[in-house]
>>> print(open('work_19.cif').read())   # mmCIF, C-alpha atoms
data_model
#
loop_
_atom_site.label_atom_id
_atom_site.label_comp_id
_atom_site.auth_asym_id
_atom_site.auth_seq_id
_atom_site.Cartn_x
_atom_site.Cartn_y
_atom_site.Cartn_z
CA MET A 1 0.00 0.00 0.00
CA GLU A 2 1.31 3.42 -0.95
CA LEU A 3 1.71 5.69 2.06
CA SER A 4 1.32 9.46 2.28
CA ALA A 5 3.16 11.97 4.43
CA LYS A 6 0.23 11.90 6.88
CA ASP A 7 0.84 8.19 7.44
CA PHE A 8 4.26 9.09 8.86
CA GLN A 9 2.90 11.70 11.27
CA SER A 10 2.54 10.38 14.81
CA PRO A 11 -0.47 11.27 17.00
CA GLU A 12 1.80 13.21 19.37
CA GLU A 13 1.20 16.95 19.63
CA VAL A 14 4.04 18.80 17.90
CA ARG A 15 5.55 21.13 20.48
CA TRP A 16 8.03 23.65 19.14
CA CYS A 17 7.80 27.41 19.44
CA PRO A 18 5.32 28.89 16.92
CA GLY A 19 7.23 29.87 13.80
CA CYS A 20 10.18 27.56 14.47
CA GLY A 21 11.97 26.26 11.37
CA ASP A 22 11.73 22.72 12.76
CA TYR A 23 8.10 22.55 11.59
CA SER A 24 9.24 22.88 7.98
CA VAL A 25 11.97 20.26 8.39
CA LEU A 26 9.49 17.81 9.94
CA LYS A 27 7.02 18.31 7.09
CA GLN A 28 9.64 17.81 4.38
CA PHE A 29 11.03 14.78 6.23
CA THR A 30 7.66 13.01 6.29
CA GLU A 31 7.09 13.96 2.63
CA VAL A 32 10.41 12.34 1.70
CA LEU A 33 9.70 9.19 3.72
CA ALA A 34 6.45 8.81 1.79
CA SER A 35 7.88 9.65 -1.64
CA THR A 36 10.80 7.24 -1.27
CA GLY A 37 8.55 4.36 -0.21
CA ALA A 38 9.93 4.05 3.31
CA ASP A 39 8.54 1.27 5.48
CA PRO A 40 7.55 2.62 8.92
CA ASN A 41 8.25 -0.82 10.41
CA ARG A 42 11.83 -0.75 9.15
CA THR A 43 12.65 2.91 9.75
CA VAL A 44 14.41 4.17 12.89
CA VAL A 45 14.91 7.84 13.75
CA VAL A 46 17.60 8.45 16.38
CA SER A 47 18.23 11.78 18.10
CA GLY A 48 20.21 13.26 20.96
CA ILE A 49 19.10 16.22 23.07
CA GLY A 50 17.85 19.62 21.91
CA CYS A 51 14.95 21.20 20.06
CA SER A 52 15.74 19.25 16.89
CA SER A 53 15.95 16.02 18.85
CA ARG A 54 12.24 16.07 19.63
CA LEU A 55 11.57 15.06 16.02
CA PRO A 56 11.39 11.26 16.62
CA TYR A 57 8.27 11.82 18.76
CA TYR A 58 6.45 13.30 15.79
CA VAL A 59 7.25 10.61 13.22
CA ASP A 60 5.27 7.37 13.18
CA THR A 61 8.27 5.05 12.86
CA TYR A 62 10.58 3.53 15.42
CA GLY A 63 12.51 6.21 17.27
CA ILE A 64 15.04 6.68 20.03
CA HIS A 65 15.51 9.96 21.91
CA SER A 66 18.99 9.15 23.21
CA LEU A 67 21.57 10.90 25.40
CA HIS A 68 23.10 14.28 24.66
CA GLY A 69 25.49 13.93 21.72
CA ARG A 70 25.27 10.14 21.61
CA ALA A 71 22.90 9.65 18.67
CA PRO A 72 25.74 8.51 16.33
CA ALA A 73 26.81 5.83 18.83
CA VAL A 74 23.27 4.54 19.26
CA ALA A 75 22.62 4.61 15.50
CA THR A 76 25.87 2.74 14.87
CA GLY A 77 24.74 -0.10 17.11
CA ILE A 78 21.32 -0.25 15.47
CA LYS A 79 22.73 -0.28 11.92
CA LEU A 80 25.35 -2.92 12.70
CA ALA A 81 22.81 -5.15 14.43
CA ASN A 82 20.34 -4.87 11.54
CA PRO A 83 21.82 -3.41 8.34
CA ASN A 84 18.47 -3.71 6.56
CA LEU A 85 16.92 -0.98 8.67
CA ASP A 86 16.70 2.59 7.36
CA VAL A 87 18.30 4.60 10.17
CA TRP A 88 18.37 8.40 10.38
CA ILE A 89 20.24 10.62 12.84
CA ILE A 90 18.59 13.90 13.88
CA THR A 91 20.83 16.37 15.69
CA GLY A 92 21.56 20.06 16.23
CA ASP A 93 24.63 22.28 16.21
CA GLY A 94 25.03 22.00 19.99
CA ASP A 95 24.20 18.30 20.27
CA ALA A 96 26.42 17.23 17.35
CA LEU A 97 29.33 19.64 17.52
CA SER A 98 29.85 20.20 21.23
CA ILE A 99 29.25 17.24 23.55
CA GLY A 100 28.69 14.95 20.56
CA GLY A 101 31.64 16.07 18.43
CA ASN A 102 33.73 12.96 19.05
CA HIS A 103 30.87 10.59 18.22
CA LEU A 104 30.05 12.56 15.07
CA ILE A 105 33.54 12.50 13.57
CA HIS A 106 33.96 8.76 14.13
CA ALA A 107 30.59 7.94 12.58
CA LEU A 108 31.67 9.97 9.54
CA ARG A 109 35.18 8.50 9.24
CA ARG A 110 33.83 4.95 9.54
CA ASN A 111 31.45 5.64 6.66
CA LEU A 112 28.42 4.50 8.62
CA ASN A 113 25.57 4.04 6.16
CA VAL A 114 23.26 6.50 7.94
CA PRO A 115 22.24 10.05 6.91
CA ILE A 116 22.87 12.70 9.58
CA LEU A 117 20.55 15.72 9.57
CA LEU A 118 22.25 18.57 11.42
CA PHE A 119 19.82 21.39 12.23
CA ASN A 120 22.00 24.51 12.57
CA ASN A 121 20.47 27.61 14.17
CA GLU A 122 23.73 28.92 15.68
CA ILE A 123 22.25 28.97 19.20
CA TYR A 124 21.20 26.72 22.08
CA GLY A 125 17.42 27.04 21.79
CA LEU A 126 16.20 24.40 24.25
CA THR A 127 18.19 25.89 27.14
CA LYS A 128 17.06 29.39 26.21
CA GLY A 129 19.68 31.19 24.17
CA GLN A 130 23.29 30.39 25.00
CA TYR A 131 25.94 30.48 22.27
CA SER A 132 26.73 27.26 20.42
CA PRO A 133 29.78 25.89 18.54
CA THR A 134 28.49 27.50 15.32
CA SER A 135 27.70 30.93 16.83
CA ARG A 136 29.60 33.68 15.06
CA ALA A 137 32.45 35.59 16.67
CA GLY A 138 31.06 38.59 18.53
CA GLN A 139 27.56 37.13 18.82
CA VAL A 140 25.79 38.40 21.94
CA THR A 141 23.86 35.69 23.79
CA LYS A 142 22.79 34.97 27.36
CA SER A 143 26.13 33.26 28.00
CA THR A 144 28.21 35.77 25.99
CA PRO A 145 26.80 39.18 27.01
CA ARG A 146 29.90 40.94 25.66
CA GLY A 147 30.02 38.89 22.48
CA SER A 148 31.50 35.47 21.78
CA VAL A 149 35.29 35.34 21.53
CA ASP A 150 35.22 31.84 20.00
CA GLN A 151 35.65 31.16 16.31
CA PRO A 152 32.71 29.11 15.00
CA LEU A 153 32.95 25.55 13.77
CA ASN A 154 32.04 24.94 10.15
CA PRO A 155 29.99 21.71 9.99
CA LEU A 156 30.79 21.15 6.32
CA THR A 157 34.59 21.43 6.58
CA LEU A 158 34.45 19.30 9.73
CA ALA A 159 32.53 16.59 7.88
CA LEU A 160 34.91 16.68 4.91
CA GLY A 161 37.94 16.52 7.19
CA ALA A 162 36.46 13.61 9.13
CA GLY A 163 36.02 11.58 5.95
CA ALA A 164 32.29 11.86 5.21
CA THR A 165 31.45 10.53 1.76
CA TRP A 166 28.47 12.86 1.21
CA VAL A 167 28.26 16.47 2.37
CA GLY A 168 25.45 18.91 1.61
CA ARG A 169 23.56 21.96 2.83
CA SER A 170 19.95 23.10 2.61
CA MET A 171 17.53 25.37 4.48
CA ASP A 172 14.16 25.26 6.21
CA ARG A 173 12.67 28.00 4.01
CA ASN A 174 13.14 26.29 0.66
CA PRO A 175 10.93 23.18 0.92
CA ALA A 176 11.59 21.83 -2.59
CA HIS A 177 15.35 22.11 -2.18
CA LEU A 178 15.24 20.57 1.29
CA ARG A 179 13.19 17.60 0.07
CA ALA A 180 15.68 16.97 -2.74
CA GLN A 181 18.64 17.05 -0.36
CA LEU A 182 16.93 14.82 2.21
CA ALA A 183 16.23 12.24 -0.50
CA ALA A 184 19.79 12.47 -1.84
CA SER A 185 21.32 12.00 1.61
CA GLN A 186 19.16 8.94 2.21
CA ALA A 187 19.99 7.44 -1.19
CA HIS A 188 23.73 7.76 -0.62
CA GLN A 189 25.55 4.60 0.46
CA GLY A 190 27.79 5.79 3.29
CA SER A 191 28.13 8.58 5.82
CA ALA A 192 26.06 11.59 4.74
CA LEU A 193 25.90 14.90 6.59
CA LEU A 194 23.23 17.38 5.60
CA GLU A 195 23.49 20.76 7.31
CA ILE A 196 20.10 22.48 7.45
CA TYR A 197 19.92 26.21 8.13
CA GLN A 198 17.05 26.30 10.64
CA ASN A 199 15.73 29.58 11.99
CA CYS A 200 15.24 29.95 15.75
CA ASN A 201 12.76 32.81 15.71
CA VAL A 202 12.86 33.24 19.51
CA PHE A 203 16.56 33.34 20.38
CA HIS A 204 18.33 34.00 17.07
CA ASP A 205 15.77 35.19 14.57
CA GLY A 206 16.95 36.05 11.06
CA ALA A 207 20.37 34.44 11.37
CA PHE A 208 20.21 33.15 7.78
CA GLU A 209 17.86 35.62 6.12
CA ALA A 210 20.55 36.78 3.66
CA TRP A 211 20.34 33.30 2.09
CA THR A 212 16.71 32.37 2.80
CA GLU A 213 14.75 35.56 2.01
CA LYS A 214 13.63 36.06 -1.59
CA SER A 215 14.74 39.70 -1.54
CA SER A 216 18.39 38.79 -0.87
CA GLN A 217 18.74 35.12 -1.77
CA ALA A 218 19.71 35.61 -5.41
CA ALA A 219 22.68 37.79 -4.46
CA HIS A 220 24.01 35.55 -1.68
CA ALA A 221 22.98 31.90 -2.18
CA ILE A 222 24.74 29.60 -4.66
CA PHE A 223 22.61 26.59 -5.60
CA LEU A 224 24.98 23.90 -6.81
CA GLU A 225 24.17 21.60 -9.72
CA PRO A 226 26.59 18.85 -10.79
CA GLY A 227 28.09 19.47 -14.21
CA ARG A 228 26.91 23.07 -14.38
CA PRO A 229 28.77 26.37 -13.86
CA ILE A 230 28.76 27.67 -10.29
CA SER A 231 26.80 30.89 -10.71
CA TRP A 232 24.19 33.03 -8.97
CA GLY A 233 22.21 36.24 -9.29
CA GLY A 234 18.78 35.05 -10.38
CA ALA A 235 17.24 33.43 -13.46
CA GLU A 236 19.85 35.28 -15.51
CA PRO A 237 23.06 34.85 -13.44
CA THR A 238 25.15 37.94 -12.78
CA HIS A 239 28.15 36.33 -11.08
CA ALA A 240 30.08 33.08 -11.21
CA LEU A 241 33.06 31.43 -9.57
CA ALA A 242 36.34 30.83 -11.35
CA TRP A 243 39.01 28.39 -10.16
CA ASN A 244 42.14 30.51 -10.12
CA GLY A 245 45.42 29.08 -8.90
CA GLY A 246 43.78 26.60 -6.57
CA ARG A 247 41.38 29.15 -5.09
CA PRO A 248 37.82 30.28 -5.88
CA GLU A 249 37.48 33.73 -7.39
CA VAL A 250 34.25 35.72 -7.76
CA ARG A 251 33.79 37.06 -11.30
CA VAL A 252 31.14 39.31 -12.83
CA LEU A 253 29.53 37.76 -15.89
CA GLY A 254 29.94 39.82 -19.02
CA ALA A 255 31.85 40.13 -22.26
CA ASP A 256 35.20 39.30 -20.64
CA PHE A 257 33.98 36.33 -18.57
CA GLY A 258 31.02 34.11 -19.47
CA LEU A 259 29.46 30.97 -18.06
CA ALA A 260 31.66 28.93 -20.39
CA ASP A 261 34.66 30.24 -18.44
CA ALA A 262 33.22 29.50 -14.99
CA TRP A 263 34.11 26.72 -12.60
CA VAL A 264 31.93 23.67 -13.33
CA HIS A 265 30.76 21.89 -10.19
CA ASP A 266 32.06 18.35 -9.71
CA PRO A 267 30.90 16.78 -6.40
CA ALA A 268 33.61 14.12 -6.70
CA ASP A 269 36.37 16.74 -6.26
CA ARG A 270 37.12 16.84 -2.53
CA ILE A 271 39.61 19.71 -2.74
CA LYS A 272 37.10 21.95 -4.46
CA ALA A 273 34.40 20.81 -2.03
CA PHE A 274 36.56 22.17 0.79
CA ALA A 275 36.91 25.45 -1.08
CA LEU A 276 33.13 25.71 -1.44
CA ALA A 277 32.54 24.82 2.22
CA GLU A 278 34.99 27.54 3.27
CA LEU A 279 33.15 30.31 1.43
CA GLU A 280 32.34 32.93 4.06
CA GLY A 281 30.69 36.32 4.27
CA VAL A 282 27.91 37.02 1.80
CA LEU A 283 28.23 33.83 -0.28
CA ARG A 284 27.11 30.37 0.85
CA PRO A 285 26.71 27.19 -1.25
CA PHE A 286 23.61 24.98 -1.08
CA GLY A 287 23.21 21.50 -2.48
CA VAL A 288 25.62 18.57 -2.67
CA LEU A 289 29.19 19.77 -2.16
CA TYR A 290 30.80 16.34 -2.14
CA SER A 291 29.86 12.75 -2.94
CA ALA A 292 32.14 9.72 -3.18
CA ASP A 293 32.01 5.94 -3.07
CA ARG A 294 33.83 4.04 -0.35
CA PRO A 295 33.13 0.72 1.42
CA ILE A 296 30.53 1.23 4.14
CA PHE A 297 31.05 0.37 7.80
CA SER A 298 29.64 -3.10 8.49
CA LEU A 299 30.37 -6.30 10.36
CA PRO A 300 32.57 -8.91 8.59
CA SER A 301 30.70 -11.61 6.70
CA GLY A 302 30.06 -14.68 8.81
CA THR A 303 29.75 -12.68 12.03
CA ARG A 304 27.19 -14.24 14.35
CA SER A 305 24.19 -12.19 15.36
CA LEU A 306 24.01 -10.74 18.85
CA ASN A 307 21.01 -12.96 19.54
CA ASP A 308 23.04 -16.08 18.66
CA VAL A 309 25.91 -14.99 20.87
CA LEU A 310 23.64 -14.28 23.86
CA HIS A 311 21.98 -17.69 23.56
CA SER A 312 25.07 -19.76 22.78
CA GLY A 313 25.74 -20.88 26.36
CA ARG A 314 27.78 -19.69 29.31
CA THR A 315 31.23 -20.07 27.76
CA TRP A 316 32.96 -18.89 24.58
CA THR A 317 35.91 -20.23 22.66
CA VAL A 318 38.40 -17.52 21.65
CA GLU A 319 40.42 -18.36 18.54
#
>>> encode(input="work_19.cif", output="structure tokens")
Amino acid sequence: MELSAKDFQSPEEVRWCPGCGDYSVLKQFTEVLASTGADPNRTVVVSGIGCSSRLPYYVDTYGIHSLHGRAPAVATGIKLANPNLDVWIITGDGDALSIGGNHLIHALRRNLNVPILLFNNEIYGLTKGQYSPTSRAGQVTKSTPRGSVDQPLNPLTLALGAGATWVGRSMDRNPAHLRAQLAASQAHQGSALLEIYQNCNVFHDGAFEAWTEKSSQAAHAIFLEPGRPISWGGAEPTHALAWNGGRPEVRVLGADFGLADAWVHDPADRIKAFALAELEGVLRPFGVLYSADRPIFSLPSGTRSLNDVLHSGRTWTVE
């Protein structure tokens, strides 16, 4: 029987602040589960602690609301015990990059076959507005009243450095783009990290409006398409990136530099993926930055199941 997005919505009351970007992510997530033919009885959503980590309650699949930062460890055990399950990790910038940083990087380097959805709002929302690992330098919060002196972590460069085989970015305010990236992360065989710009309208409202608002998006957001020039500026692009001496260079499109001269996006190029991830200031890339094939993390063939081991008697023979 074909399921709809409503079939993946649990009867639990959704409880986020009115206007929170998490509502959009939840809606697109259930749409993707339905459109990809997911089986609720073979789908597991694992989260840690934080606003984002409430999501498993609202999805009618199996779910685990685990310990702070430990979702990758729990998901690893689930996927190894039953590789046929579709396992998702739901996390936030605080949960994944602070207390959970160590678990995150090892899940990525092992190439665990689980997509990781990292909701980034650059703030601790659940605990009422402290700065997070992705908060910008100088950001004033309840725990940094004079402005943060820390340099922020970049989730995309961290994922690339840790060995993730799929790295992408999307946003809560572009539903079609978010659905496409969710589906792509799930389809990838290996460790996939999707950073989602998610607006916290109570404690950090408008953090990403330069890239999410229609009035400014064309001038600041680069939507990547494999095999096509990296350009932006609207339906008729005004700017493009050139690859100049191993570094990206912003060029104005015109008689002296056309789309044929621009840098063509290749998600298989890890060096250039790093360069895209490191774009700062007014320009940010969205879409798949990097995708590669590598053997996934799994148990060796012939390994006995945990159930067999637990019921094999009181002694073991070590060879």
>>> atom_distance(input="work_19.cif", atom1="CA of Asn121 in chain A", atom2="CA of Asp205 in chain A")
8.9 Å
>>> closest_residue(input="work_19.cif", among="A:Cys51, A:Ala107, A:Leu224, A:Leu33", to="Gly21 in chain A", atoms="all atoms listed in the file")
A:Cys51
>>> closest_residue(input="work_19.cif", among="A:Ile123, A:Cys20, A:Ala192, A:Val44", to="Arg110 in chain A", atoms="only C-alpha atoms")
A:Ala192
>>> residues_around(input="work_19.cif", residues="Ala292 in chain A", least_positions_apart="4", cutoff="12 Å", atoms="all atoms listed in the file", output="mmCIF file with C-alpha atoms, in the coordinates of the input")
data_model
loop_
_atom_site.group_PDB
_atom_site.id
_atom_site.type_symbol
_atom_site.label_atom_id
_atom_site.label_comp_id
_atom_site.auth_asym_id
_atom_site.auth_seq_id
_atom_site.Cartn_x
_atom_site.Cartn_y
_atom_site.Cartn_z
ATOM 1 C CA ASN A 111 31.450 5.640 6.660
ATOM 2 C CA LEU A 160 34.910 16.680 4.910
ATOM 3 C CA GLY A 163 36.020 11.580 5.950
ATOM 4 C CA ALA A 164 32.290 11.860 5.210
ATOM 5 C CA THR A 165 31.450 10.530 1.760
ATOM 6 C CA TRP A 166 28.470 12.860 1.210
ATOM 7 C CA VAL A 167 28.260 16.470 2.370
ATOM 8 C CA HIS A 188 23.730 7.760 -0.620
ATOM 9 C CA GLN A 189 25.550 4.600 0.460
ATOM 10 C CA GLY A 190 27.790 5.790 3.290
ATOM 11 C CA SER A 191 28.130 8.580 5.820
ATOM 12 C CA ALA A 192 26.060 11.590 4.740
ATOM 13 C CA ASP A 266 32.060 18.350 -9.710
ATOM 14 C CA PRO A 267 30.900 16.780 -6.400
ATOM 15 C CA ALA A 268 33.610 14.120 -6.700
ATOM 16 C CA ASP A 269 36.370 16.740 -6.260
ATOM 17 C CA ARG A 270 37.120 16.840 -2.530
ATOM 18 C CA ALA A 273 34.400 20.810 -2.030
ATOM 19 C CA VAL A 288 25.620 18.570 -2.670
ATOM 20 C CA ILE A 296 30.530 1.230 4.140
#
>>> residues_around(input="work_19.cif", residues="Asp22 in chain A", least_positions_apart="4", cutoff="7 Å", atoms="all atoms listed in the file", output="ChimeraX atom specification")
/A:26,52,198
